[in-house]
Amino acid sequence: MIQMRHDELRSYQVGPVHAELRVLTVSDDRESMLEGTPHLHRRFRLMGIEKAMAATPHLYVHDLDRIRADSDERVEEWLPREAVQARLTSWWKPADIAELGHTELSVMWFQTAAQDPFAHLATIVHPLDWASLAKFVPFGD
């Protein structure tokens, strides 16, 4: 579910937690490829995902298991070209943390240009468990 007034950020329901979209970027997943094959693109995509996950521990990659399994399959078919990354924040925080702050979660997925990234984000995050995936960020960091 997406809720929004024009003077507010987009809001998403992530399990029982209300979160706000802070950043959404859409980029060309084949931007640095001068030439290649669908199989090579799959390999590069997986390497890029692993690098992003190492840099951002609270990154959730939608369909990661399928992407890993798919890296050796259907080598004649190109993958969706758009890489989308979103950062959501919430005032929810774990009960055992007394500090002031918020929690945040980054989400990454791939899609075609015809898909609406905001609607796609809503379907991805709705069933997620915010408490197990989000990272606490104290004020001042």
# chains A, B, ... in the order shown; residues from 1 in each chain; ligands from 1

$ residues_around --residues "Ile97 of chain A" --least-positions-apart "4" --cutoff "12 Å" --atoms "only C-alpha atoms" --output "VMD selection string"
chain A and resid 92 to 93 101 to 103 135 to 138

$ write_last_selection --atoms "N, CA, C and O atoms" --output "compact mmCIF listing (two decimals), in the first residue's frame"
# COMPACT_ATOMS: atom_id res chain seq x y z
N TRP A 92 10.08 3.43 13.76
CA TRP A 92 10.09 2.22 14.56
C TRP A 92 11.53 1.88 14.92
O TRP A 92 12.46 2.08 14.12
N LYS A 93 11.73 1.42 16.14
CA LYS A 93 13.05 0.94 16.55
C LYS A 93 12.87 -0.24 17.50
O LYS A 93 11.81 -0.37 18.13
N GLY A 101 16.68 7.66 17.57
CA GLY A 101 17.11 7.37 16.21
C GLY A 101 15.97 6.77 15.40
O GLY A 101 14.80 6.85 15.78
N HIS A 102 16.32 6.17 14.30
CA HIS A 102 15.35 5.55 13.42
C HIS A 102 15.95 4.28 12.82
O HIS A 102 17.12 3.98 13.05
N THR A 103 15.16 3.55 12.08
CA THR A 103 15.67 2.37 11.37
C THR A 103 15.56 2.63 9.88
O THR A 103 14.72 3.42 9.42
N LYS A 135 18.18 -1.66 9.78
CA LYS A 135 19.32 -1.30 10.63
C LYS A 135 18.96 -0.08 11.45
O LYS A 135 18.37 0.88 10.94
N PHE A 136 19.31 -0.08 12.74
CA PHE A 136 19.08 1.06 13.60
C PHE A 136 20.15 2.11 13.34
O PHE A 136 21.34 1.81 13.28
N VAL A 137 19.73 3.38 13.20
CA VAL A 137 20.64 4.49 12.98
C VAL A 137 20.37 5.52 14.07
O VAL A 137 19.33 6.18 14.07
N PRO A 138 21.31 5.67 15.03
CA PRO A 138 21.10 6.66 16.08
C PRO A 138 21.23 8.07 15.53
O PRO A 138 21.90 8.30 14.54

$ residues_around --residues "Leu40 of chain A" --least-positions-apart "2" --cutoff "12 Å" --atoms "only C-alpha atoms" --output "ChimeraX atom specification"
/A:30,33-38,42-47,70-79

$ write_last_selection --atoms "N, CA, C and O atoms" --output "compact mmCIF listing (two decimals), in the first residue's frame"
# COMPACT_ATOMS: atom_id res chain seq x y z
N ARG A 30 23.17 -2.18 -17.66
CA ARG A 30 24.18 -2.52 -18.68
C ARG A 30 25.04 -1.31 -19.04
O ARG A 30 25.73 -1.33 -20.05
N MET A 33 28.75 -1.89 -19.92
CA MET A 33 29.05 -2.97 -20.86
C MET A 33 29.15 -2.43 -22.28
O MET A 33 28.19 -1.87 -22.80
N LEU A 34 30.31 -2.57 -22.88
CA LEU A 34 30.47 -2.16 -24.27
C LEU A 34 29.95 -3.23 -25.22
O LEU A 34 29.38 -2.94 -26.25
N GLU A 35 30.19 -4.46 -24.87
CA GLU A 35 29.63 -5.58 -25.61
C GLU A 35 29.58 -6.77 -24.67
O GLU A 35 30.20 -6.77 -23.61
N GLY A 36 28.86 -7.76 -25.05
CA GLY A 36 28.74 -8.92 -24.18
C GLY A 36 27.58 -9.80 -24.58
O GLY A 36 26.99 -9.62 -25.64
N THR A 37 27.28 -10.73 -23.73
CA THR A 37 26.21 -11.69 -23.96
C THR A 37 25.28 -11.68 -22.76
O THR A 37 25.64 -11.18 -21.69
N PRO A 38 24.09 -12.24 -22.90
CA PRO A 38 23.20 -12.34 -21.74
C PRO A 38 23.85 -13.09 -20.57
O PRO A 38 23.67 -12.72 -19.42
N ARG A 42 24.56 -11.62 -16.76
CA ARG A 42 24.15 -12.27 -15.52
C ARG A 42 25.30 -12.33 -14.53
O ARG A 42 25.14 -12.09 -13.34
N ARG A 43 26.48 -12.67 -15.02
CA ARG A 43 27.67 -12.75 -14.15
C ARG A 43 28.01 -11.37 -13.57
O ARG A 43 28.29 -11.25 -12.38
N PHE A 44 28.01 -10.35 -14.42
CA PHE A 44 28.30 -8.99 -13.95
C PHE A 44 27.26 -8.52 -12.93
O PHE A 44 27.59 -7.87 -11.94
N ARG A 45 26.00 -8.84 -13.18
CA ARG A 45 24.94 -8.44 -12.26
C ARG A 45 25.17 -9.06 -10.89
O ARG A 45 25.09 -8.38 -9.87
N LEU A 46 25.46 -10.35 -10.84
CA LEU A 46 25.68 -11.02 -9.57
C LEU A 46 26.90 -10.46 -8.84
O LEU A 46 26.86 -10.25 -7.63
N MET A 47 27.95 -10.16 -9.57
CA MET A 47 29.14 -9.55 -8.95
C MET A 47 28.80 -8.18 -8.38
O MET A 47 29.22 -7.83 -7.28
N ASP A 70 19.81 -18.22 -11.47
CA ASP A 70 19.63 -17.83 -12.87
C ASP A 70 20.94 -17.46 -13.56
O ASP A 70 21.00 -17.34 -14.76
N SER A 71 22.02 -17.28 -12.79
CA SER A 71 23.28 -16.83 -13.39
C SER A 71 23.85 -17.84 -14.39
O SER A 71 24.63 -17.47 -15.25
N ASP A 72 23.44 -19.10 -14.31
CA ASP A 72 23.90 -20.11 -15.26
C ASP A 72 22.80 -20.62 -16.19
O ASP A 72 23.05 -21.49 -17.01
N GLU A 73 21.61 -20.08 -16.06
CA GLU A 73 20.47 -20.55 -16.85
C GLU A 73 20.08 -19.55 -17.94
O GLU A 73 20.50 -18.41 -17.92
N ARG A 74 19.24 -19.99 -18.86
CA ARG A 74 18.65 -19.16 -19.93
C ARG A 74 19.65 -18.14 -20.49
O ARG A 74 19.37 -16.95 -20.54
N VAL A 75 20.78 -18.61 -20.94
CA VAL A 75 21.86 -17.71 -21.35
C VAL A 75 21.55 -16.94 -22.62
O VAL A 75 22.27 -16.00 -22.95
N GLU A 76 20.52 -17.27 -23.33
CA GLU A 76 20.18 -16.55 -24.57
C GLU A 76 19.22 -15.39 -24.34
O GLU A 76 18.96 -14.62 -25.25
N GLU A 77 18.69 -15.28 -23.15
CA GLU A 77 17.68 -14.26 -22.86
C GLU A 77 18.28 -13.14 -22.01
O GLU A 77 18.90 -13.39 -20.98
N TRP A 78 18.10 -11.89 -22.45
CA TRP A 78 18.60 -10.75 -21.69
C TRP A 78 17.72 -10.53 -20.47
O TRP A 78 16.52 -10.70 -20.52
N LEU A 79 18.35 -10.14 -19.39
CA LEU A 79 17.63 -9.82 -18.15
C LEU A 79 17.03 -8.42 -18.24
O LEU A 79 17.48 -7.61 -19.06

$ residues_around --residues "Glu82 of chain A" --least-positions-apart "2" --cutoff "10 Å" --atoms "only C-alpha atoms" --output "ChimeraX atom specification"
/A:25-31,79-80,84-85,109-115,117

$ residues_around --residues "segment 52-69 of chain A" --least-positions-apart "3" --cutoff "6 Å" --atoms "only C-alpha atoms" --output "list in words"
Ile49, Leu105, Ser106, Val107, Met108, Trp109, Ala134 and Lys135 of chain A

$ closest_residue --among "A:His41, A:Pro16, A:Phe139, A:Ala131" --to "Glu99 of chain A" --atoms "only C-alpha atoms"
A:Phe139

$ atom_distance --atom1 "atom CA of Leu21 of chain A" --atom2 "atom CA of Ser90 of chain A"
9.1 Å
